[in-house]
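Participant: Attaching a single structure in structure tokens format; questions to follow.
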Amino acid sequence: MHKSGFVNIIGNPNVGKSTLMNALVGEKLSIITSKAQTTRHRIMGIVNGDDFQIVYSDTPGILKPAYKLQESMMKFVRGAVSDADVVLYVTDTVEEQSERNADIIDKIALGTVPTIVVINKIDLTNQAKLEALVASWHERLPEALIIPASAKEQFNIEAIFSAILDKLPEGEPYYPKDTLTDKTLRFFASEIIREKILLNYDKEIPYCCEIEIDSYKEEPTIDRISATIYVARNSQKGIVIGHKGERLKKVGQQARTDIEAFLGKRVFLQLFVKVNDDWRNNDRQLSRFGYNDN
């Protein structure tokens with residue numbers, strides 16, 4: 001008997017979805033920062049065993065869209081609810097209840113997809129509050145299995161994995177058994193660069209940036225990557241570059257170090273900054289950056 005299926009990870013921003021997926025996959029596939037809305041695409045991570053294949057999908061955090069980019073992000077989320085074999089709904093012990101996720105939770109409750117609610121960050125609470133949260137989620141999603149966990153501390157990851165395997169349907173693998181993800185090296189290079197922007201800039205700047213890999217040349221001992229950071233307004237270009245290019249240089253150094261670790265080889269990385277006026281509200285530009293594909 002072989003089991004296989006799609007396990008889609010859904011939840012509000014900043015509850016630890018990406019940390020959880022990386023823990024379940026055993027690889028850093030999704031970027032992680034303390035800022036909300038770090039995930040923009042659906043990112044698949046594939047775990048294989050002799051008699052199973054789990055295709056995890058990390059999705060953007062649930063939000064009320066303020067511009068077309070966020071509308072596209074929410075299409076990924078709604079699609080993830082409907083095309084899952086198992087829904088992994090992630091909440092945590094510190095987030096406030098919000099109406100922004102009410103329709104998603106209602107969709108899960110009214111559906112027939114097996115659901116596991118992971119209450120993350122239990123290291124930040126006490127037993128009484130945790131018990132109250134478990135009771136609350138049993139009330140909201142009575143058919144769901146509730147599992148307290150701490151993805152950061154790797155607590156109860158094995159229990160989540162076992163529960164997923166138990167709920168997974170029988171079937172043949174969807175991907176070759178040596179496949180880790182559906183994304184390309186270009187994609188991961190762009191995500192690592194975007195992670196460094198999230199870490200090095202404040203306020204609106206990280207959310208106005210998009211990365212495009214202009215060229216990616218693989219050589220035996222080194223990969224040569226050229227990338228452009230697009231900003232939404234001309235005033236943001238100078239902020240990203242910084243005085244005498246120092247801020248951009250720092251982003252490039254940090255990104256190159258992580259890309260080299262990801263690839264296991266040397267990397268030559270060139271970064272450029274260009275203005276792409278209000279790209280977040282431009283359907284053509286969103287398609288170019290891969291947001292209208294799903």
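Note on naming: chains are A, B, ... as they come in the structure tokens, residues start from 1 per chain, ligands start from 1 in the order shown.
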At a cut-off of 12 Å, can you tabulate as JSON lines every residue of stretch 176-249 of chain A near stretch 8-28 of chain A together with its closest atom pair and the distance in Å to one decimal, using only C-alpha atoms and ordering rows by chain then number?

Facilitator:
{"residue": "A:Thr179", "atom": "CA", "partner": "A:Val25", "partner_atom": "CA", "distance": 11.7}
{"residue": "A:Leu180", "atom": "CA", "partner": "A:Val25", "partner_atom": "CA", "distance": 8.5}
{"residue": "A:Thr181", "atom": "CA", "partner": "A:Val25", "partner_atom": "CA", "distance": 9.8}
{"residue": "A:Phe188", "atom": "CA", "partner": "A:Lys28", "partner_atom": "CA", "distance": 9.9}
{"residue": "A:Glu191", "atom": "CA", "partner": "A:Lys28", "partner_atom": "CA", "distance": 11.1}
{"residue": "A:Ile192", "atom": "CA", "partner": "A:Lys28", "partner_atom": "CA", "distance": 10.3}

Participant: Write out as a list of chain:residue names each polymer residue whose atoms come within 6 Å of A:Ser226, counting only C-alpha atoms; drop sequence neighbours fewer than 2 positions from it.

Facilitator: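 Once the adjacent positions are removed, what remains is A:Asp214, A:Ser215, A:Leu269, A:Gln270.
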
Participant: Pick the closest to A:Glu131 from A:Pro148, A:Ile54, A:Val273, A:Lys167: which is it, counting only C-alpha atoms?

Facilitator: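 Checking each candidate against A:Glu131, we get A:Pro148 as the closest.
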
Participant: What is the atom CA of A:Tyr174 to atom CA of A:Val90 distance in Å?

Facilitator: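 Atom CA of A:Val90 lies 24.7 Å from atom CA of A:Tyr174.
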
Participant: How would you write, as number ranges by chain, the set of residues in stretch 16-153 of chain A that DSSP gives as helix (DSSP H, G or I)?

Facilitator: A: 17-25, 68-82, 99-110, 122-124, 127-140

Participant: Taking 2 positions as the minimum chain separation for residues in the same chain, which residues sit within 9 Å of A:Ala144 when counting only C-alpha atoms? Answer as a PDB file with N, CA and C atoms, in the first residue's frame.

Facilitator:
ATOM      1  N   ALA A 109     -14.671  24.150   7.527  1.00  0.00           N
ATOM      2  CA  ALA A 109     -15.678  23.475   8.359  1.00  0.00           C
ATOM      3  C   ALA A 109     -16.766  22.815   7.519  1.00  0.00           C
ATOM      4  N   PRO A 114      -9.971  16.210   5.336  1.00  0.00           N
ATOM      5  CA  PRO A 114      -9.431  16.015   6.694  1.00  0.00           C
ATOM      6  C   PRO A 114      -8.560  17.205   7.095  1.00  0.00           C
ATOM      7  N   THR A 115      -8.747  17.675   8.328  1.00  0.00           N
ATOM      8  CA  THR A 115      -8.063  18.892   8.781  1.00  0.00           C
ATOM      9  C   THR A 115      -7.339  18.654  10.098  1.00  0.00           C
ATOM     10  N   ILE A 116      -6.120  19.175  10.157  1.00  0.00           N
ATOM     11  CA  ILE A 116      -5.341  19.179  11.394  1.00  0.00           C
ATOM     12  C   ILE A 116      -5.084  20.637  11.759  1.00  0.00           C
ATOM     13  N   VAL A 117      -5.483  21.032  12.954  1.00  0.00           N
ATOM     14  CA  VAL A 117      -5.192  22.377  13.452  1.00  0.00           C
ATOM     15  C   VAL A 117      -3.940  22.295  14.319  1.00  0.00           C
ATOM     16  N   TRP A 137     -10.823  25.838  19.498  1.00  0.00           N
ATOM     17  CA  TRP A 137     -10.682  25.309  18.144  1.00  0.00           C
ATOM     18  C   TRP A 137     -11.514  24.047  17.933  1.00  0.00           C
ATOM     19  N   HIS A 138     -11.724  23.262  18.986  1.00  0.00           N
ATOM     20  CA  HIS A 138     -12.647  22.126  18.884  1.00  0.00           C
ATOM     21  C   HIS A 138     -14.059  22.617  18.574  1.00  0.00           C
ATOM     22  N   LEU A 141     -13.898  24.032  14.762  1.00  0.00           N
ATOM     23  CA  LEU A 141     -13.702  22.965  13.771  1.00  0.00           C
ATOM     24  C   LEU A 141     -13.805  21.609  14.480  1.00  0.00           C
ATOM     25  N   PRO A 142     -15.039  21.177  14.785  1.00  0.00           N
ATOM     26  CA  PRO A 142     -15.235  19.981  15.616  1.00  0.00           C
ATOM     27  C   PRO A 142     -14.688  18.690  15.003  1.00  0.00           C
ATOM     28  N   ILE A 146      -6.656  18.459  16.765  1.00  0.00           N
ATOM     29  CA  ILE A 146      -5.919  19.608  17.302  1.00  0.00           C
ATOM     30  C   ILE A 146      -4.585  19.127  17.875  1.00  0.00           C
TER      31      ILE A 146
END

Participant: So which bits of stretch 11-237 of chain A end up strand (DSSP E or B) when you DSSP the backbone, as a PyMOL selection string?

Facilitator: chain A and resi 11+43-49+52-58+86-92+115-120+145-148+150+155+170+210-218+222-231

Participant: Would you mind exporting the chosen residues as a CSV table (one decimal), in the first residue's frame, restricted to C-alpha atoms?

Facilitator:
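Okay, out17.csv is ready:
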chain,number,residue,atom,x,y,z
A,11,GLY,CA,-3.2,30.3,8.4
A,43,ILE,CA,5.8,26.8,-2.4
A,44,MET,CA,5.9,23.0,-2.5
A,45,GLY,CA,8.1,20.8,-0.4
A,46,ILE,CA,8.0,17.1,-1.1
A,47,VAL,CA,8.8,14.3,1.5
A,48,ASN,CA,9.3,10.8,0.3
A,49,GLY,CA,9.4,7.4,2.0
A,52,PHE,CA,4.4,7.4,1.0
A,53,GLN,CA,4.9,10.8,-0.7
A,54,ILE,CA,3.7,14.0,1.0
A,55,VAL,CA,3.5,17.1,-1.1
A,56,TYR,CA,3.5,20.1,1.4
A,57,SER,CA,2.4,23.5,0.1
A,58,ASP,CA,3.2,26.7,2.1
A,86,VAL,CA,-5.2,17.2,4.1
A,87,VAL,CA,-5.5,20.8,5.4
A,88,LEU,CA,-2.9,21.9,8.0
A,89,TYR,CA,-4.4,25.0,9.5
A,90,VAL,CA,-1.8,26.8,11.6
A,91,THR,CA,-2.7,29.2,14.4
A,92,ASP,CA,-0.6,30.1,17.4
A,115,THR,CA,-8.1,18.9,8.8
A,116,ILE,CA,-5.3,19.2,11.4
A,117,VAL,CA,-5.2,22.4,13.5
A,118,VAL,CA,-1.7,23.1,14.7
A,119,ILE,CA,-1.5,25.5,17.6
A,120,ASN,CA,2.0,26.7,17.2
A,145,LEU,CA,-7.6,17.0,15.0
A,146,ILE,CA,-5.9,19.6,17.3
A,147,ILE,CA,-2.2,19.3,17.9
A,148,PRO,CA,-0.2,21.8,20.1
A,150,SER,CA,6.4,24.5,18.6
A,155,PHE,CA,8.3,20.1,19.5
A,170,GLU,CA,-3.8,5.7,-0.9
A,210,GLU,CA,10.1,42.2,-6.3
A,211,ILE,CA,13.1,40.2,-7.5
A,212,GLU,CA,13.6,39.0,-11.1
A,213,ILE,CA,16.5,36.7,-12.0
A,214,ASP,CA,17.9,38.2,-15.3
A,215,SER,CA,20.4,35.4,-15.9
A,216,TYR,CA,21.5,32.2,-14.2
A,217,LYS,CA,24.6,30.4,-15.5
A,218,GLU,CA,25.6,27.1,-14.0
A,222,ILE,CA,30.5,28.4,-9.6
A,223,ASP,CA,27.0,29.7,-10.5
A,224,ARG,CA,26.8,33.2,-11.9
A,225,ILE,CA,23.5,35.0,-11.1
A,226,SER,CA,22.4,38.4,-12.2
A,227,ALA,CA,19.2,39.8,-10.5
A,228,THR,CA,17.1,43.0,-10.5
A,229,ILE,CA,15.3,44.3,-7.5
A,230,TYR,CA,12.2,46.2,-8.7
A,231,VAL,CA,10.7,48.9,-6.5

Participant: Between A:Gly5, A:Gly290, A:Gly242, A:Pro220, single out the one closest to A:Ile164, counting only C-alpha atoms.

Facilitator: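 Using only C-alpha atoms, the shortest distance to A:Ile164 belongs to A:Gly5.
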
Participant: Using only C-alpha atoms, which of the listed residues (A:Cys209, A:Ile160, A:Ala84, A:Leu69) sits closest to A:Ser287?

Facilitator: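 Once distances to A:Ser287 are computed over only C-alpha atoms, the minimum belongs to A:Leu69.
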
Participant: Could you check the closest approach to A:Ala151 for each of A:Ala80, A:Leu263, A:Ile122, A:Met73 and tell me which residue wins, using only C-alpha atoms?

Facilitator: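 Checking each candidate against A:Ala151, we get A:Ile122 as the closest.
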
Participant: I want to know what sits within 10 Å of A:Asn282, based on only C-alpha atoms, with residues of the same chain fewer than 4 positions away left out; could you give that as number ranges by chain?

Facilitator: A: 67-69, 276-278, 286-288

Participant: One number please: atom CA of A:Ile105 to atom CA of A:Ala132, in Å, one decimal.

Facilitator: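 Between atom CA of A:Ile105 and atom CA of A:Ala132 the gap is 18.5 Å.
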
Participant: One decimal, Å: what's the distance from atom CA of A:Pro60 over to atom CA of A:Ala149, could you say?

Facilitator: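 Atom CA of A:Ala149 lies at a distance of 20.3 Å from atom CA of A:Pro60.
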
Participant: From the set A:Asp106, A:Asn126, A:Phe268, A:Phe289, which residue has the shortest atom-to-atom contact distance to A:Phe187, counting only C-alpha atoms?

Facilitator: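 With only C-alpha atoms as the atom set, the closest residue is A:Phe289.
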